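Quick look at entry.tsv (TSV, C-alpha atoms and all ligand atoms):
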chain	number	residue	atom	x	y	z
A	156	MET	CA	-3.74	-54.39	15.98
A	157	ILE	CA	-1.27	-51.60	15.17
A	158	VAL	CA	-4.14	-49.20	14.46
A	159	GLU	CA	-5.66	-49.97	17.87
A	160	ASN	CA	-2.29	-49.57	19.58
A	161	ILE	CA	-1.80	-46.16	18.00
A	162	GLU	CA	-5.30	-45.05	19.01
A	163	SER	CA	-4.74	-46.19	22.57
A	164	ILE	CA	-1.37	-44.41	22.84
A	165	LYS	CA	-2.88	-41.23	21.43
A	166	LYS	CA	-5.52	-41.32	24.16
A	167	LYS	CA	-2.84	-41.76	26.80
A	168	ILE	CA	-0.82	-38.89	25.34
A	169	ALA	CA	-3.91	-36.69	25.46
A	170	SER	CA	-4.73	-37.54	29.05
A	171	ALA	CA	-1.12	-37.15	30.27
A	172	ALA	CA	-0.95	-33.79	28.49
A	173	ARG	CA	-4.24	-32.65	30.00
A	174	LYS	CA	-3.07	-33.69	33.44
A	175	ALA	CA	0.03	-31.50	32.96
A	176	GLY	CA	-1.97	-28.59	31.54
A	177	ARG	CA	-0.40	-29.06	28.13
A	178	ASN	CA	-1.71	-29.20	24.57
A	179	PRO	CA	-1.42	-32.76	23.16
A	180	ASP	CA	-0.87	-31.27	19.71
A	181	ASP	CA	2.50	-29.97	20.91
A	182	ILE	CA	3.77	-33.53	21.32
A	183	ILE	CA	5.35	-35.40	18.43
A	184	MET	CA	5.13	-39.18	18.60
A	185	LEU	CA	7.97	-40.95	16.80
A	186	ALA	CA	7.21	-44.54	15.87
A	187	VAL	CA	10.45	-46.41	16.55
A	188	THR	CA	10.86	-49.09	13.93
A	189	LYS	CA	14.05	-50.86	14.97
A	190	ARG	CA	13.79	-54.63	14.56
A	191	GLN	CA	10.24	-54.42	13.23
A	192	SER	CA	9.19	-55.89	9.91
A	193	ILE	CA	8.56	-53.69	6.90
A	194	ASP	CA	4.97	-55.03	6.79
A	195	LYS	CA	4.28	-53.70	10.27
A	196	ILE	CA	5.99	-50.42	9.50
A	197	GLU	CA	3.89	-49.96	6.37
A	198	GLU	CA	0.77	-50.76	8.38
A	199	ALA	CA	1.69	-48.04	10.86
A	200	VAL	CA	2.40	-45.54	8.09
A	201	ASN	CA	-0.94	-46.36	6.46
A	202	SER	CA	-2.59	-45.82	9.85
A	203	GLY	CA	-1.40	-42.23	9.91
A	204	ILE	CA	2.07	-42.38	11.47
A	205	ASP	CA	4.01	-39.38	10.12
A	206	TYR	CA	7.22	-39.53	12.14
A	207	ILE	CA	9.58	-42.51	12.11
A	208	GLY	CA	12.57	-43.03	14.38
A	209	GLU	CA	15.36	-45.56	13.80
A	210	ASN	CA	18.28	-46.15	16.08
A	211	GLN	CA	20.19	-48.64	13.97
A	212	PHE	CA	21.83	-47.28	10.90
A	213	GLN	CA	21.96	-50.57	8.98
A	214	GLU	CA	18.19	-50.92	9.30
A	215	ALA	CA	17.41	-47.32	8.50
A	216	TYR	CA	19.45	-47.67	5.33
A	217	VAL	CA	17.18	-50.47	4.10
A	218	LYS	CA	13.80	-49.40	5.44
A	219	ILE	CA	13.64	-45.64	5.24
A	220	PRO	CA	13.84	-45.42	1.42
A	221	LEU	CA	10.83	-47.75	1.23
A	222	ILE	CA	8.59	-45.38	3.20
A	223	ARG	CA	10.31	-42.03	2.66
A	224	ASP	CA	7.58	-40.61	0.41
A	225	LYS	CA	4.77	-41.54	2.77
A	226	ILE	CA	6.06	-39.94	5.97
A	227	LYS	CA	6.75	-36.39	7.10
A	228	GLU	CA	10.01	-36.97	8.94
A	229	PHE	CA	12.62	-39.59	9.63
A	230	HIS	CA	14.63	-39.10	12.84
A	231	PHE	CA	17.84	-40.91	13.68
A	232	ILE	CA	17.81	-41.70	17.40
A	233	GLY	CA	20.67	-44.17	17.90
A	234	HIS	CA	24.36	-43.98	18.58
A	235	LEU	CA	26.04	-42.66	15.45
A	236	GLN	CA	29.46	-43.90	14.41
A	237	THR	CA	31.48	-41.36	12.47
A	238	ASN	CA	32.09	-43.80	9.61
A	239	LYS	CA	28.31	-43.92	8.94
A	240	ILE	CA	27.83	-40.17	8.59
A	241	SER	CA	28.24	-40.12	4.81
A	242	LYS	CA	25.57	-42.79	4.44
A	243	LEU	CA	23.12	-41.45	7.00
A	244	ILE	CA	22.88	-37.85	5.81
A	245	PRO	CA	21.61	-38.77	2.30
A	246	LEU	CA	18.65	-40.51	3.99
A	247	GLY	CA	17.57	-37.01	5.02
A	248	PRO	CA	17.13	-37.25	8.80
A	249	ALA	CA	15.05	-34.26	9.93
A	250	LEU	CA	16.67	-34.58	13.34
A	251	ILE	CA	19.59	-36.56	14.77
A	252	HIS	CA	18.82	-37.12	18.47
A	253	SER	CA	22.10	-38.58	19.57
A	254	VAL	CA	24.97	-36.12	19.31
A	255	ASP	CA	26.91	-36.56	22.53
A	256	SER	CA	30.50	-35.60	21.78
A	257	TYR	CA	32.42	-32.79	20.16
A	258	HIS	CA	34.30	-35.36	18.09
A	259	LEU	CA	31.07	-36.59	16.48
A	260	ALA	CA	29.81	-33.03	16.00
A	261	LEU	CA	33.06	-32.03	14.27
A	262	LYS	CA	32.91	-34.98	11.90
A	263	LEU	CA	29.27	-34.20	11.07
A	264	ASP	CA	30.09	-30.54	10.50
A	265	GLU	CA	33.02	-31.45	8.25
A	266	TYR	CA	30.86	-33.66	6.04
A	267	LEU	CA	27.90	-31.24	5.96
A	268	GLU	CA	30.06	-28.28	5.09
A	269	LYS	CA	31.47	-30.08	2.07
A	270	LYS	CA	27.93	-30.81	0.90
A	271	GLU	CA	26.74	-27.28	1.78
A	272	LEU	CA	24.06	-28.71	4.05
A	273	THR	CA	22.85	-27.90	7.54
A	274	GLN	CA	21.52	-30.45	10.00
A	275	ASN	CA	19.20	-30.20	13.00
A	276	ILE	CA	20.43	-32.15	16.00
A	277	LEU	CA	19.67	-32.82	19.65
A	278	ILE	CA	22.26	-33.23	22.36
A	279	GLN	CA	21.92	-36.60	24.11
A	280	VAL	CA	22.38	-36.28	27.85
A	281	ASN	CA	22.98	-39.21	30.20
A	282	THR	CA	20.60	-38.35	33.04
A	283	SER	CA	20.49	-41.81	34.63
A	284	GLY	CA	24.17	-42.20	35.43
A	285	GLU	CA	24.01	-45.69	33.92
A	286	LYS	CA	27.38	-46.60	32.41
A	287	SER	CA	25.79	-48.49	29.52
A	288	LYS	CA	24.07	-45.37	28.22
A	289	PHE	CA	25.48	-43.00	25.69
A	290	GLY	CA	25.12	-39.28	26.27
A	291	VAL	CA	27.09	-36.39	27.67
A	292	GLU	CA	27.13	-36.02	31.46
A	293	PRO	CA	24.74	-33.27	32.64
A	294	ASP	CA	27.67	-31.33	34.10
A	295	ASP	CA	29.43	-31.29	30.73
A	296	ALA	CA	26.38	-30.53	28.58
A	297	GLU	CA	26.63	-26.76	28.77
A	298	ASP	CA	30.23	-26.77	27.61
A	299	LEU	CA	29.42	-29.16	24.76
A	300	ILE	CA	26.50	-26.99	23.60
A	301	ARG	CA	28.67	-23.89	23.65
A	302	LYS	CA	31.28	-25.59	21.48
A	303	ILE	CA	28.89	-27.19	19.01
A	304	ASP	CA	27.00	-23.90	18.62
A	305	LYS	CA	30.10	-22.55	16.89
A	306	LEU	CA	29.94	-25.19	14.14
A	307	GLU	CA	28.27	-23.59	11.15
A	308	SER	CA	26.48	-26.61	9.71
A	309	LEU	CA	24.81	-27.81	12.89
A	310	ARG	CA	21.68	-26.46	14.57
A	311	ILE	CA	21.03	-27.62	18.10
A	312	LYS	CA	17.25	-27.89	18.52
A	313	GLY	CA	17.06	-29.44	21.96
A	314	LEU	CA	17.98	-32.31	24.22
A	315	MET	CA	17.39	-36.04	24.33
A	316	THR	CA	17.62	-38.57	27.13
A	317	ILE	CA	16.76	-42.17	27.92
A	318	GLY	CA	15.10	-42.71	31.30
A	319	MET	CA	16.64	-45.09	33.81
A	320	LEU	CA	15.86	-48.74	33.15
A	321	THR	CA	13.94	-49.52	36.33
A	322	ASN	CA	10.42	-49.95	37.65
A	323	ASP	CA	11.01	-47.18	40.15
A	324	TRP	CA	8.89	-44.41	38.61
A	325	GLU	CA	10.37	-41.69	40.77
A	326	LYS	CA	13.86	-42.50	39.53
A	327	ILE	CA	12.66	-42.34	35.94
A	328	ARG	CA	10.89	-39.06	36.64
A	329	THR	CA	14.11	-37.66	38.09
A	330	CYS	CA	15.91	-38.34	34.79
A	331	PHE	CA	13.29	-36.44	32.82
A	332	ARG	CA	13.25	-33.64	35.36
A	333	ILE	CA	17.03	-33.21	35.08
A	334	LEU	CA	16.64	-32.69	31.34
A	335	ARG	CA	13.75	-30.23	31.67
A	336	GLN	CA	15.48	-28.24	34.38
A	337	PHE	CA	18.65	-28.08	32.34
A	338	LYS	CA	16.66	-26.65	29.43
A	339	GLU	CA	14.90	-24.13	31.67
A	340	ASN	CA	17.97	-23.00	33.56
A	341	VAL	CA	20.71	-23.04	31.02
A	342	LYS	CA	21.81	-19.56	30.08
A	343	ILE	CA	24.72	-19.70	27.73
A	344	PRO	CA	25.64	-16.23	26.53
A	345	ALA	CA	26.13	-15.51	22.85
A	346	LEU	CA	24.68	-18.67	21.40
A	347	GLU	CA	24.25	-18.12	17.69
A	348	ARG	CA	22.51	-21.14	16.27
A	349	THR	CA	21.05	-23.00	19.21
A	350	ASP	CA	17.35	-23.11	20.03
A	351	LEU	CA	16.51	-25.60	22.77
A	352	LYS	CA	12.91	-26.17	21.79
A	353	TYR	CA	12.70	-29.96	21.87
A	354	LEU	CA	12.89	-32.35	24.78
A	355	SER	CA	13.02	-35.88	23.35
A	356	MET	CA	12.25	-38.23	26.22
A	357	GLY	CA	9.86	-41.05	27.03
A	358	MET	CA	9.49	-44.50	25.48
A	359	SER	CA	6.76	-47.19	25.58
A	360	ASN	CA	6.98	-47.70	29.34
A	361	ASP	CA	7.48	-44.18	30.55
A	362	PHE	CA	6.11	-41.69	28.01
A	363	GLU	CA	3.32	-40.51	30.29
A	364	ILE	CA	5.82	-39.47	32.96
A	365	ALA	CA	7.94	-37.81	30.27
A	366	ILE	CA	4.95	-35.81	29.05
A	367	GLU	CA	4.19	-34.67	32.59
A	368	GLU	CA	7.82	-33.51	32.76
A	369	GLY	CA	7.65	-31.57	29.50
A	370	ALA	CA	8.58	-33.96	26.67
A	371	ASN	CA	7.56	-32.71	23.23
A	372	ILE	CA	9.01	-35.64	21.33
A	373	ILE	CA	8.33	-39.15	22.58
A	374	ARG	CA	9.83	-42.28	21.03
A	375	ILE	CA	7.51	-45.29	20.98
A	376	GLY	CA	8.46	-48.74	19.68
A	377	THR	CA	6.96	-51.85	21.28
A	378	ALA	CA	3.73	-50.17	22.41
A	379	ILE	CA	2.93	-49.60	18.72
A	380	PHE	CA	4.47	-52.63	17.03
A	381	GLY	CA	4.72	-55.31	19.70
A	382	GLU	CA	7.90	-57.15	20.59
A	383	ARG	CA	10.95	-56.76	18.37
A	384	TYR	CA	12.41	-59.64	16.38
B	1	LIG	C1	14.33	-48.67	21.01
B	1	LIG	C2	14.32	-47.26	21.36
B	1	LIG	C3	13.12	-46.61	21.71
B	1	LIG	C4	11.77	-47.30	21.78
B	1	LIG	O1	11.72	-48.19	22.83
B	1	LIG	P1	10.34	-48.91	23.25
B	1	LIG	O2	10.57	-49.30	24.65
B	1	LIG	O3	10.18	-50.07	22.33
B	1	LIG	O4	9.25	-47.92	23.08
B	1	LIG	C5	13.20	-45.25	22.02
B	1	LIG	N1	14.36	-44.58	21.99
B	1	LIG	C6	15.52	-45.17	21.67
B	1	LIG	C7	16.77	-44.36	21.66
B	1	LIG	C8	15.54	-46.52	21.36
B	1	LIG	O5	16.70	-47.10	21.05
What would the structure in this file look like if it were written as structure tokens?
Amino acid sequence: MIVENIESIKKKIASAARKAGRNPDDIIMLAVTKRQSIDKIEEAVNSGIDYIGENQFQEAYVKIPLIRDKIKEFHFIGHLQTNKISKLIPLGPALIHSVDSYHLALKLDEYLEKKELTQNILIQVNTSGEKSKFGVEPDDAEDLIRKIDKLESLRIKGLMTIGMLTNDWEKIRTCFRILRQFKENVKIPALERTDLKYLSMGMSNDFEIAIEEGANIIRIGTAIFGERY
């Protein structure tokens, strides 16, 4: 079942990319494993999934070591509490998608500097205006990027957002468009370490819209694995 799901999503990625005049190979699909069993995760990995995303630290801590050697990259996509930093970094996240405050960035930088490590991150932007969502407000994103760019252990590689939770496709599209336009228009002078190459947006229900709007990382959970426990 998981193999078929993956095949079907890949076809949809290809056709959404073609529709937008884009190369499907430029799009990374993260398989989001939160609240999925290790059996299913192993099935996905054996079916050729190379990129795994977890949003819950406690789960990542248990599951990622079990599959670490079989995948290319593990991405952390959830809200990160500062007291989990010292446990998350040793899991080797290739990318942390969810940096949304200077406070969190400072704590990360402090820890990384001690370990003489650098870390690739994305800035999470709240494009939907929904209060329940984490993320920096679009109006404050430029300032946050400018400040985090000064931290020597962090490398900003792009932006992440979660589309509005609604069946109104135009509203969802607007969220993704805000992120893309921010990336295209932002001109912050004298950035040293930042390279806004990734747009992480689109989940099981809305990844095709996200691809049309320029996503190059999509985060897919239930469409691969089925409902979560
Ligand atoms: C759970 C989660 C996903 C995947 O959601 P699905 O709707 O199951 O595809 C993607 N991104 C984040 C940040 C998540 O927490």
Using all atoms listed in the file, which residues of the polymer chains come no farther than 9 Å from ligand LIG 1 (chain B)? I'd like the answer as a ChimeraX atom specification.
/A:185-190,208-211,231-234,252-253,315-317,355-362,373-383
Dump as a short mmCIF file (atom, residue, chain, number, x, y, z; two decimals), in the coordinates of the input, selection limited to C-alpha atoms:
data_model
loop_
_atom_site.label_atom_id
_atom_site.label_comp_id
_atom_site.auth_asym_id
_atom_site.auth_seq_id
_atom_site.Cartn_x
_atom_site.Cartn_y
_atom_site.Cartn_z
CA LEU A 185 7.97 -40.95 16.80
CA ALA A 186 7.21 -44.54 15.87
CA VAL A 187 10.45 -46.41 16.55
CA THR A 188 10.86 -49.09 13.93
CA LYS A 189 14.05 -50.86 14.97
CA ARG A 190 13.79 -54.63 14.56
CA GLY A 208 12.57 -43.03 14.38
CA GLU A 209 15.36 -45.56 13.80
CA ASN A 210 18.28 -46.15 16.08
CA GLN A 211 20.19 -48.64 13.97
CA PHE A 231 17.84 -40.91 13.68
CA ILE A 232 17.81 -41.70 17.40
CA GLY A 233 20.67 -44.17 17.90
CA HIS A 234 24.36 -43.98 18.58
CA HIS A 252 18.82 -37.12 18.47
CA SER A 253 22.10 -38.58 19.57
CA MET A 315 17.39 -36.04 24.33
CA THR A 316 17.62 -38.57 27.13
CA ILE A 317 16.76 -42.17 27.92
CA SER A 355 13.02 -35.88 23.35
CA MET A 356 12.25 -38.23 26.22
CA GLY A 357 9.86 -41.05 27.03
CA MET A 358 9.49 -44.50 25.48
CA SER A 359 6.76 -47.19 25.58
CA ASN A 360 6.98 -47.70 29.34
CA ASP A 361 7.48 -44.18 30.55
CA PHE A 362 6.11 -41.69 28.01
CA ILE A 373 8.33 -39.15 22.58
CA ARG A 374 9.83 -42.28 21.03
CA ILE A 375 7.51 -45.29 20.98
CA GLY A 376 8.46 -48.74 19.68
CA THR A 377 6.96 -51.85 21.28
CA ALA A 378 3.73 -50.17 22.41
CA ILE A 379 2.93 -49.60 18.72
CA PHE A 380 4.47 -52.63 17.03
CA GLY A 381 4.72 -55.31 19.70
CA GLU A 382 7.90 -57.15 20.59
CA ARG A 383 10.95 -56.76 18.37
#
Residue with smallest distance to A:Leu272 - pool A:Leu246, A:Leu309, A:Ile240, A:Ala260, counting all atoms listed in the file:
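Smallest separation from A:Leu272 among the options: A:Leu309.
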Atom CA of A:Thr321 to atom CA of A:Gly284, distance in Å rounded to a single decimal
12.6 Å
Selected residue, from A:Cys330, A:Val291, A:Ile222, A:Ile244, that lies nearest to A:Lys195 when counting only C-alpha atoms
A:Ile222
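Counting from atom CA of A:Ile207, the distance to atom CA of A:Lys312 is 17.7 Å.
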With 8 Å added on each side, what axis-aligned box encloses every listed atom of stretch 367-373 of chain A? Give the centre and edge lengths in Å to one decimal, as lines of an AutoDock Vina configuration file.
center_x = 6.6
center_y = -35.4
center_z = 27.0
size_x = 20.8
size_y = 23.6
size_z = 27.4
Counting all atoms listed in the file, the option among A:Glu363, A:Asp350, A:Glu292, A:Glu339 closest to A:Asn275:
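Residue with the minimum atom-to-atom distance to A:Asn275: A:Asp350.
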Among the residues A:Glu307, A:Pro248, A:Lys338, A:Ala171, the one that comes closest to A:Val280 [using all atoms listed in the file]:
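With all atoms listed in the file as the atom set, the closest residue is A:Lys338.
Between atom CA of A:Asp298 and atom CA of A:Lys239 the interatomic distance comes to 25.4 Å.
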Non-local contacts of A:Gly290 (7 Å; all atoms listed in the file; under 5 positions in same chain excluded) as a short mmCIF file (atom, residue, chain, number, x, y, z; two decimals) with C-alpha atoms, in the frame of the given file:
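Saved the output as part_12.cif:
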data_model
loop_
_atom_site.label_atom_id
_atom_site.label_comp_id
_atom_site.auth_asym_id
_atom_site.auth_seq_id
_atom_site.Cartn_x
_atom_site.Cartn_y
_atom_site.Cartn_z
CA ASP A 255 26.91 -36.56 22.53
CA GLN A 279 21.92 -36.60 24.11
CA VAL A 280 22.38 -36.28 27.85
CA ASN A 281 22.98 -39.21 30.20
#
Looking at A:Glu162, A:Asp295, A:Glu214, A:Asp181, which one is nearest to A:Ile278, with distances taken over only C-alpha atoms?
A:Asp295
Which residue is closest to A:Ile219? Choose from A:Leu243, A:Val341, A:Ala370, A:Ile327 and count all atoms listed in the file.
A:Leu243
Fewer than 4 positions away in the same chain doesn't count, so skip those; otherwise give me all residues within 12 Å of A:Arg348, counting all atoms listed in the file, as a short mmCIF file (atom, residue, chain, number, x, y, z; two decimals) with C-alpha atoms, in the frame of the given file.
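Saved file around29.cif follows:
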data_model
loop_
_atom_site.label_atom_id
_atom_site.label_comp_id
_atom_site.auth_asym_id
_atom_site.auth_seq_id
_atom_site.Cartn_x
_atom_site.Cartn_y
_atom_site.Cartn_z
CA THR A 273 22.85 -27.90 7.54
CA GLN A 274 21.52 -30.45 10.00
CA ASN A 275 19.20 -30.20 13.00
CA ILE A 276 20.43 -32.15 16.00
CA ILE A 300 26.50 -26.99 23.60
CA ARG A 301 28.67 -23.89 23.65
CA LYS A 302 31.28 -25.59 21.48
CA ILE A 303 28.89 -27.19 19.01
CA ASP A 304 27.00 -23.90 18.62
CA LYS A 305 30.10 -22.55 16.89
CA LEU A 306 29.94 -25.19 14.14
CA GLU A 307 28.27 -23.59 11.15
CA SER A 308 26.48 -26.61 9.71
CA LEU A 309 24.81 -27.81 12.89
CA ARG A 310 21.68 -26.46 14.57
CA ILE A 311 21.03 -27.62 18.10
CA LYS A 312 17.25 -27.89 18.52
CA GLY A 313 17.06 -29.44 21.96
CA ILE A 343 24.72 -19.70 27.73
CA PRO A 344 25.64 -16.23 26.53
#
